[in-house]
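Peer 1: This is target.txt (compact mmCIF, C-alpha atoms).
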# COMPACT_ATOMS: atom_id res chain seq x y z
CA THR Y 1 0.00 0.00 0.00
CA LEU Y 2 2.84 2.44 0.85
CA TYR Y 3 4.51 1.61 -2.47
CA ILE Y 4 1.32 2.34 -4.45
CA PHE Y 5 0.85 5.63 -2.53
CA SER Y 6 4.43 6.66 -3.35
CA ILE Y 7 3.86 5.93 -7.02
CA HIS Y 8 0.74 8.14 -6.96
CA ILE Y 9 2.61 10.98 -5.25
CA LEU Y 10 5.45 10.81 -7.78
CA ALA Y 11 3.03 10.76 -10.72
CA TYR Y 12 1.15 13.75 -9.32
CA PHE Y 13 4.42 15.66 -8.82
CA ILE Y 14 5.51 14.92 -12.39
CA PHE Y 15 2.08 16.08 -13.64
CA LEU Y 16 2.48 19.39 -11.77
CA LEU Y 17 5.92 19.92 -13.26
CA MET Y 18 4.66 19.27 -16.80
CA LEU Y 19 1.66 21.55 -16.26
CA SER Y 20 3.89 24.35 -14.93
CA TYR Y 21 6.23 24.03 -17.88
CA LEU Y 22 3.31 24.05 -20.34
CA LEU Y 23 1.86 27.19 -18.70
CA TYR Y 24 5.28 28.85 -18.83
CA ILE Y 25 5.58 28.06 -22.55
CA MET Y 26 2.07 29.38 -23.26
CA PHE Y 27 2.73 32.56 -21.30
CA LYS Y 28 6.02 33.13 -23.13
CA ILE Y 29 4.36 32.65 -26.51
CA LEU Y 30 1.46 34.96 -25.73
CA ILE Y 31 3.75 37.69 -24.40
CA SER Y 32 6.42 37.44 -27.07
CA CYS Y 33 3.88 37.37 -29.89
CA SER Y 34 2.63 40.85 -29.03
CA LEU Y 35 2.84 43.25 -31.97
CA PHE Y 36 5.74 45.63 -31.53
CA ILE Y 37 5.11 48.70 -33.63
CA ILE Y 38 7.46 51.47 -34.69
CA VAL Y 39 5.50 54.20 -36.42
CA LEU Y 40 7.67 56.18 -38.79
CA TYR Y 41 6.84 58.12 -41.90
CA PHE Y 42 8.41 55.59 -44.24
CA TYR Y 43 8.13 52.09 -42.83
CA LEU Y 44 6.53 50.00 -40.12
CA SER Y 45 7.79 46.71 -38.69
CA HIS Y 46 5.66 44.02 -37.04
CA PHE Y 47 7.49 41.55 -34.80
CA CYS Y 48 6.00 38.28 -33.57
CA TYR Y 49 8.33 36.28 -31.34
CA ILE Y 50 7.72 32.51 -31.30
CA ASP Y 51 9.48 29.31 -30.28
CA GLN Y 52 9.67 25.68 -31.35
CA GLN Y 53 6.27 24.88 -29.83
CA VAL Y 54 4.62 26.85 -32.66
CA THR Y 55 3.75 24.77 -35.75
CA ARG Y 56 2.04 27.39 -37.93
CA VAL Y 57 2.05 31.22 -37.86
CA ALA Y 58 0.48 34.03 -39.88
CA TRP Y 59 0.02 37.81 -39.95
CA LEU Y 60 -3.47 39.19 -40.66
CA ASN Y 61 -4.94 42.65 -41.10
CA ARG Y 62 -8.72 43.13 -40.94
CA SER Y 63 -9.12 39.35 -41.43
CA ASN Y 64 -6.98 39.50 -44.58
CA ILE Y 65 -3.92 37.23 -44.48
CA LEU Y 66 -0.71 39.12 -45.19
CA TYR Y 67 1.77 36.31 -44.68
CA ALA Y 68 1.34 32.64 -43.72
CA GLY Y 69 4.79 31.40 -42.86
CA ASN Y 70 7.01 32.08 -45.87
CA ASP Y 71 4.02 32.42 -48.19
CA LYS Y 72 2.93 35.95 -49.08
CA TRP Y 73 -0.82 36.34 -49.49
CA SER Y 74 -0.96 40.13 -49.72
CA ILE Y 75 -0.73 41.70 -53.19
CA ASP Y 76 0.59 44.95 -51.68
CA LEU Y 77 4.20 45.39 -52.79
CA ARG Y 78 4.93 47.44 -49.68
CA VAL Y 79 4.40 44.41 -47.43
CA GLN Y 80 7.54 42.28 -47.09
CA LEU Y 81 8.68 39.41 -44.91
CA LEU Y 82 11.38 40.72 -42.58
CA GLN Y 83 12.24 37.61 -40.53
CA TYR Y 84 10.97 34.02 -40.34
CA SER Y 85 12.88 31.79 -37.97
CA PRO Y 86 12.12 29.40 -35.09
CA SER Y 87 12.15 32.38 -32.73
CA GLU Y 88 10.76 35.31 -34.75
CA PHE Y 89 8.17 35.98 -37.43
CA SER Y 90 8.29 39.62 -38.62
CA ILE Y 91 6.91 41.62 -41.53
CA MET Y 92 7.57 45.19 -42.71
CA ILE Y 93 5.29 47.71 -44.42
CA SER Y 94 7.13 50.48 -46.28
CA HIS Y 95 5.75 53.97 -46.98
CA VAL Y 96 3.04 53.72 -44.34
CA ASP Y 97 -0.12 55.79 -44.93
CA VAL Y 98 -3.43 56.30 -43.15
CA TYR Y 99 -5.01 53.34 -44.96
CA ASP Y 100 -2.65 51.02 -43.07
CA GLU Y 101 -4.27 51.99 -39.79
CA GLY Y 102 -6.26 49.24 -38.11
CA LEU Y 103 -6.11 45.94 -36.26
CA TYR Y 104 -3.18 43.57 -36.92
CA THR Y 105 -3.22 39.96 -35.67
CA CYS Y 106 -0.39 37.51 -35.12
CA SER Y 107 -2.03 34.05 -35.30
CA PHE Y 108 -0.05 30.95 -34.34
CA GLN Y 109 -0.79 27.28 -33.82
CA THR Y 110 0.77 25.23 -31.03
CA GLN Y 111 0.48 21.50 -30.56
CA ASP Y 112 -2.68 21.80 -28.52
CA LYS Y 113 -4.68 24.79 -29.92
CA PRO Y 114 -4.50 28.07 -31.92
CA HIS Y 115 -3.64 31.43 -30.30
CA THR Y 116 -3.74 35.09 -31.36
CA SER Y 117 -2.23 38.37 -30.24
CA GLN Y 118 -3.60 41.68 -31.51
CA VAL Y 119 -2.70 45.34 -31.63
CA TYR Y 120 -4.30 48.42 -33.16
CA LEU Y 121 -2.04 50.49 -35.37
CA ILE Y 122 -2.50 54.28 -35.28
CA VAL Y 123 -0.78 56.20 -38.08
CA HIS Y 124 0.21 59.82 -37.48
CA VAL Y 125 0.24 62.16 -40.49
CA PRO Y 126 2.15 65.48 -40.43
CA ALA Y 127 0.03 68.63 -40.74
CA ARG Y 128 -0.10 70.04 -44.26
CA ILE Y 129 -1.88 73.01 -45.86
CA VAL Y 130 -3.95 71.79 -48.83
CA ASN Y 131 -5.92 74.93 -49.69
CA ILE Y 132 -5.38 78.62 -49.00
CA SER Y 133 -6.86 81.87 -50.28
CA SER Y 134 -5.05 83.65 -53.09
CA ALA Y 135 -3.83 87.25 -52.88
CA VAL Y 136 -6.61 89.77 -52.16
CA THR Y 137 -7.03 93.38 -53.33
CA VAL Y 138 -9.90 95.39 -51.79
CA ASN Y 139 -10.91 98.98 -51.20
CA GLU Y 140 -10.55 100.40 -47.71
CA GLY Y 141 -13.66 99.71 -45.61
CA SER Y 142 -14.43 96.36 -47.26
CA ASN Y 143 -14.76 93.02 -45.47
CA VAL Y 144 -12.06 90.39 -46.06
CA ASN Y 145 -12.35 86.62 -45.51
CA LEU Y 146 -9.34 84.31 -45.77
CA LEU Y 147 -9.37 80.49 -45.72
CA CYS Y 148 -6.54 78.12 -44.79
CA LEU Y 149 -7.47 74.42 -44.97
CA ALA Y 150 -5.07 71.91 -43.39
CA VAL Y 151 -5.10 68.13 -42.99
CA GLY Y 152 -3.20 65.78 -40.72
CA LYS Y 153 -3.56 63.24 -37.96
CA PRO Y 154 -4.01 64.11 -35.13
CA GLU Y 155 -6.14 66.98 -36.41
CA PRO Y 156 -3.87 70.02 -36.75
CA THR Y 157 -4.29 73.48 -35.32
CA VAL Y 158 -4.43 76.47 -37.70
CA ILE Y 159 -3.26 79.98 -36.79
CA TRP Y 160 -3.31 83.16 -38.90
CA ARG Y 161 -0.61 85.76 -38.18
CA GLN Y 162 -0.10 89.25 -39.58
CA LEU Y 163 3.62 89.57 -40.23
CA LYS Y 164 3.74 93.35 -39.79
CA ASP Y 165 2.50 93.67 -36.21
CA GLY Y 166 2.23 90.06 -34.99
CA PHE Y 167 -1.57 89.95 -34.72
CA THR Y 168 -2.80 86.32 -34.51
CA SER Y 169 -6.14 84.56 -34.91
CA GLU Y 170 -6.82 80.85 -34.38
CA GLY Y 171 -8.95 78.87 -36.84
CA GLU Y 172 -9.17 78.09 -40.54
CA TYR Y 173 -11.09 81.30 -41.30
CA LEU Y 174 -9.78 84.83 -40.80
CA GLU Y 175 -12.46 87.53 -40.97
CA ILE Y 176 -11.53 91.22 -41.11
CA SER Y 177 -14.43 93.66 -40.99
CA GLU Y 178 -14.07 97.12 -42.59
CA ILE Y 179 -10.39 96.70 -43.27
CA ASN Y 180 -8.17 99.77 -43.14
CA ARG Y 181 -4.83 100.58 -44.75
CA GLU Y 182 -2.91 99.70 -41.56
CA GLN Y 183 -4.16 96.11 -41.85
CA ALA Y 184 -2.72 95.64 -45.35
CA GLY Y 185 0.28 93.39 -45.85
CA GLU Y 186 1.30 89.76 -45.66
CA TYR Y 187 -0.59 87.25 -43.55
CA GLU Y 188 0.88 83.84 -42.66
CA CYS Y 189 -1.13 80.67 -42.10
CA ILE Y 190 0.63 78.19 -39.78
CA THR Y 191 -0.53 74.60 -39.12
CA ALA Y 192 0.95 71.97 -36.82
CA ASN Y 193 -0.05 68.80 -34.97
CA GLY Y 194 3.15 67.79 -33.20
CA VAL Y 195 4.05 65.00 -35.63
CA SER Y 196 6.61 66.87 -37.71
CA THR Y 197 7.67 70.44 -38.40
CA GLN Y 198 4.92 72.99 -38.97
CA ASP Y 199 3.69 73.94 -42.44
CA SER Y 200 3.07 77.57 -43.42
CA LYS Y 201 1.98 79.69 -46.41
CA HIS Y 202 1.50 83.41 -47.01
CA VAL Y 203 -1.34 85.56 -48.41
CA LEU Y 204 -0.91 89.20 -49.45
CA ILE Y 205 -3.74 91.67 -48.76
CA THR Y 206 -3.62 94.93 -50.70
CA VAL Y 207 -5.89 97.74 -49.46
CA ASN Y 208 -6.72 100.51 -51.93
CA TYR Y 209 -7.32 104.03 -50.61
CA PRO Y 210 -7.43 107.58 -52.03
CA PRO Y 211 -4.40 109.89 -51.86
CA ILE Y 212 -3.47 111.91 -48.84
CA ILE Y 213 -0.66 114.46 -49.12
CA THR Y 214 1.70 113.99 -46.20
CA ASP Y 215 4.49 116.52 -46.75
CA VAL Y 216 4.84 119.86 -48.55
CA LYS Y 217 7.29 122.71 -48.14
CA ASP Y 218 7.40 126.26 -49.40
CA SER Y 219 10.59 127.62 -50.95
CA ARG Y 220 12.31 131.05 -50.67
CA PRO Y 221 14.87 131.22 -53.50
CA LEU Y 222 16.83 134.17 -54.81
CA ILE Y 223 16.49 135.28 -58.43
CA GLY Y 224 18.80 133.33 -60.69
CA LYS Y 225 19.08 130.41 -58.27
CA THR Y 226 17.73 126.89 -58.43
CA ALA Y 227 14.62 126.04 -56.38
CA LEU Y 228 12.14 123.23 -55.91
CA LEU Y 229 8.72 122.59 -54.50
CA ARG Y 230 8.08 119.07 -53.18
CA CYS Y 231 4.77 117.26 -52.73
CA GLU Y 232 4.56 113.78 -51.10
CA ALA Y 233 1.42 111.66 -51.06
CA MET Y 234 0.46 108.18 -49.87
CA ALA Y 235 -2.07 106.24 -51.95
CA VAL Y 236 -2.88 102.77 -53.29
CA PRO Y 237 -2.84 102.56 -56.27
CA ALA Y 238 0.00 105.07 -56.46
CA ALA Y 239 -1.13 108.65 -57.04
CA GLU Y 240 -0.67 110.61 -60.24
CA PHE Y 241 0.59 114.18 -59.71
CA GLN Y 242 -0.29 117.44 -61.45
CA TRP Y 243 0.95 120.98 -60.81
CA PHE Y 244 -0.93 124.27 -61.28
CA LYS Y 245 0.14 127.95 -61.05
CA ASP Y 246 -2.18 130.38 -59.28
CA ASP Y 247 -4.99 127.79 -59.67
CA LYS Y 248 -5.26 128.77 -63.34
CA HIS Y 249 -3.26 126.67 -65.70
CA ARG Y 250 -1.61 123.27 -65.54
CA LEU Y 251 2.17 123.30 -65.69
CA ILE Y 252 3.98 121.22 -68.31
CA SER Y 253 7.44 119.85 -67.68
CA GLY Y 254 10.06 121.49 -69.89
CA SER Y 255 8.22 124.76 -70.39
CA ASP Y 256 9.04 128.17 -68.87
CA GLY Y 257 12.21 126.83 -67.25
CA LEU Y 258 10.33 124.21 -65.20
CA GLN Y 259 10.96 120.48 -64.73
CA ILE Y 260 8.48 118.06 -63.12
CA GLN Y 261 9.97 114.90 -61.63
CA ASN Y 262 7.34 112.33 -60.61
CA GLU Y 263 8.18 109.32 -58.41
CA ARG Y 264 5.98 106.70 -56.79
CA THR Y 265 5.11 108.67 -53.67
CA ARG Y 266 6.19 112.21 -54.48
CA SER Y 267 6.48 114.89 -57.16
CA ILE Y 268 9.09 117.64 -57.42
CA LEU Y 269 8.61 120.93 -59.29
CA LEU Y 270 12.12 122.12 -60.20
CA PHE Y 271 13.03 125.71 -61.16
CA THR Y 272 16.43 125.74 -62.86
CA ASN Y 273 16.70 129.57 -63.00
CA VAL Y 274 14.29 131.49 -60.82
CA THR Y 275 12.88 134.73 -62.23
CA THR Y 276 10.36 137.17 -60.80
CA ARG Y 277 7.53 135.63 -62.80
CA HIS Y 278 8.09 132.29 -61.03
CA TYR Y 279 7.13 133.68 -57.63
CA GLY Y 280 3.58 132.95 -56.57
CA ASN Y 281 1.15 130.27 -55.46
CA TYR Y 282 1.29 126.68 -56.76
CA THR Y 283 -1.11 123.76 -56.31
CA CYS Y 284 -0.11 120.09 -56.14
CA LEU Y 285 -2.91 117.69 -57.07
CA ALA Y 286 -2.56 113.95 -56.26
CA SER Y 287 -5.23 111.59 -57.60
CA ASN Y 288 -6.02 107.92 -58.26
CA SER Y 289 -9.13 105.92 -59.12
CA LEU Y 290 -10.54 106.37 -55.59
CA GLY Y 291 -10.21 110.13 -55.22
CA SER Y 292 -7.94 113.17 -55.17
CA TYR Y 293 -6.24 115.52 -52.76
CA ASN Y 294 -4.66 118.93 -53.33
CA VAL Y 295 -2.57 121.37 -51.37
CA SER Y 296 -1.14 124.85 -51.99
CA LEU Y 297 2.55 125.79 -51.89
CA ARG Y 298 4.34 129.08 -52.41
CA LEU Y 299 7.51 130.12 -54.14
CA ILE Y 300 8.31 133.20 -52.04
CA SER Y 301 10.70 136.05 -52.86
CA GLU Y 302 13.44 136.51 -50.28
CA SER Y 303 12.35 140.16 -49.87
CA PHE Y 304 8.81 141.30 -50.43
CA LEU Y 305 10.25 144.83 -51.18
CA LEU Y 306 12.19 143.59 -54.22
CA PRO Y 307 9.32 144.20 -56.66
CA LEU Y 308 8.88 147.75 -55.25
CA PHE Y 309 12.59 148.52 -55.59
CA SER Y 310 12.58 147.25 -59.16
CA ARG Y 311 9.59 149.42 -60.05
CA PHE Y 312 11.14 152.49 -58.36
CA ALA Y 313 14.41 151.92 -60.21
CA ASN Y 314 12.59 151.83 -63.55
CA CYS Y 315 10.71 155.02 -62.75
CA TRP Y 316 13.92 156.83 -61.67
CA ASP Y 317 15.67 155.84 -64.91
CA ASN Y 318 12.77 157.25 -66.92
CA PHE Y 319 12.77 160.46 -64.88
CA THR Y 320 16.53 160.96 -65.32
CA TRP Y 321 16.32 160.38 -69.08
CA ARG Y 322 13.51 162.90 -69.49
CA SER Y 323 15.34 165.46 -67.36
CA SER Y 324 18.43 165.11 -69.52
CA GLY Y 325 16.40 165.64 -72.63
Taking this structure as input, can you express it in the form of structure tokens?

Peer 2:
Amino acid sequence: TLYIFSIHILAYFIFLLMLSYLLYIMFKILISCSLFIIVLYFYLSHFCYIDQQVTRVAWLNRSNILYAGNDKWSIDLRVQLLQYSPSEFSIMISHVDVYDEGLYTCSFQTQDKPHTSQVYLIVHVPARIVNISSAVTVNEGSNVNLLCLAVGKPEPTVIWRQLKDGFTSEGEYLEISEINREQAGEYECITANGVSTQDSKHVLITVNYPPIITDVKDSRPLIGKTALLRCEAMAVPAAEFQWFKDDKHRLISGSDGLQIQNERTRSILLFTNVTTRHYGNYTCLASNSLGSYNVSLRLISESFLLPLFSRFANCWDNFTWRSSG
């Protein structure tokens, strides 16, 4: 009886050892067959670690078999077998995109029953601007709407920024009500989602407004000297300049010893040899398609008594000649 009891105890002990070893093997297979994922922008590797207890193994995606052992079932050229050995069964997907996202399954068969290990692949996509408003030209006081459409995963943020003064606004749409000339300039759309470097594009807003003359200066030249009258004006589109004498007639460059030099924001009336007839009031007129603006300037004699002295000298000469006669 003692001998039979000892045999039973030994058999039970051996059974426990075999059961423990079998559980250890199953645990090792289940743990090592977990899908190890490295998400990059160009390739993705799936690793399934196995051992000699595994008789058959396969990779599946959405119930579609990618590889069964050495046999490739997928028609996707990007899917390749990376490693198939007694200890590892790995595949690689090159040029990963959002369509590769989903559930991947490592399925393996041991001597007693089949097993699976699963993981869900999440693909991150860098933020990218796919549509943005073109350059805008409006009249001052108009409403302006800009659009910047970006895609990416996770969903990217979009920020508008005015480059001139740093003003920012969050969101795909930028709305500017009754825009003024100070709000003209370049606006930058910036999008990012933390996956890669941010993407950005620029939009130019041009605001048209009528001329306003910002700087004029009278001149006090001597006879026979060179003189100029200057008229500066801000306008979009750029202003066209005209000069008038005593509000009567328009001056033409090259006539009566005058030269008119027009630049983008200013006009210069040049007197190459000042005479008494040049003294007087002048008008600078700046105009564009939205309106006009004028201002008066003066070419002033250095001495207001000079005309009187000249007239007295002429009279004295006449008196002396008559007296001599």

Peer 1: Need to verify the contact set: Y:His202, 7 Å, only C-alpha atoms, exclusion of same-chain residues closer than 2 positions in sequence. Can you return it as a VMD selection string?

Peer 2: chain Y and resid 186 to 189 204

Peer 1: Could you pull the residues within 6 Å of stretch 116-126 of chain Y, counting all atoms listed in the file, minus those fewer than 2 positions along the same chain, as a ChimeraX atom specification?

Peer 2: /Y:34-35,98,101-107,152-153,195-196

Peer 1: Work out how far atom CA of Y:Lys164 is from atom CA of Y:Ala286, in Å to one decimal.

Peer 2: 27.1 Å

Peer 1: Check the smallest atom-to-atom distance from each of Y:Glu172, Y:Asp256, Y:Asp97, Y:Glu232 to Y:Ser133 using only C-alpha atoms, then report the winner.

Peer 2: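 Residue with the minimum atom-to-atom distance to Y:Ser133: Y:Glu172.
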
Peer 1: Determine, counting all atoms listed in the file, which protein, DNA and RNA residues have an atom within 9 Å of an atom of Y:Gly69; residues of the same chain fewer than 6 positions away are not included. Present the result as a ChimeraX atom specification.

Peer 2: /Y:56-59,84,89

Peer 1: Pick out the closest residue to Y:Val216 from this set: Y:Val130, Y:Leu147, Y:Leu299, Y:Leu290. Count all atoms listed in the file.

Peer 2: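 Among the listed residues, Y:Leu299 lies closest to Y:Val216.
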
Peer 1: In Å, how far is it from atom CA of Y:Ile179 to atom CA of Y:Val144?

Peer 2: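 Atom CA of Y:Ile179 sits 7.1 Å away from atom CA of Y:Val144.
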
Peer 1: Got a sec to check which residues sit within 12 Å of (2.5, 127.1, -52.8), counting all atoms listed in the file, and write them as a PyMOL selection string?

Peer 2: chain Y and resi 216-220+228-231+243-247+269+278-285+294-300

Peer 1: Quick one: pull the distance between atom CA of Y:Ser90 and atom CA of Y:Ile65, Å, one decimal.

Peer 2: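 Value for the atom CA of Y:Ser90-atom CA of Y:Ile65 distance: 13.8 Å.
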
Peer 1: I'd like the contact shell of Y:Thr265 - 9 Å cut-off, all atoms listed in the file, skipping same-chain residues fewer than 4 positions apart - returned as a PDB file with C-alpha atoms, keeping the file's coordinate frame.

Peer 2:
ATOM      1  CA  CYS Y 231       4.770 117.260 -52.730  1.00  0.00           C
ATOM      2  CA  GLU Y 232       4.560 113.780 -51.100  1.00  0.00           C
ATOM      3  CA  ALA Y 233       1.420 111.660 -51.060  1.00  0.00           C
ATOM      4  CA  MET Y 234       0.460 108.180 -49.870  1.00  0.00           C
ATOM      5  CA  ALA Y 235      -2.070 106.240 -51.950  1.00  0.00           C
ATOM      6  CA  ALA Y 238       0.000 105.070 -56.460  1.00  0.00           C
ATOM      7  CA  ALA Y 239      -1.130 108.650 -57.040  1.00  0.00           C
ATOM      8  CA  GLU Y 240      -0.670 110.610 -60.240  1.00  0.00           C
TER       9      GLU Y 240
END
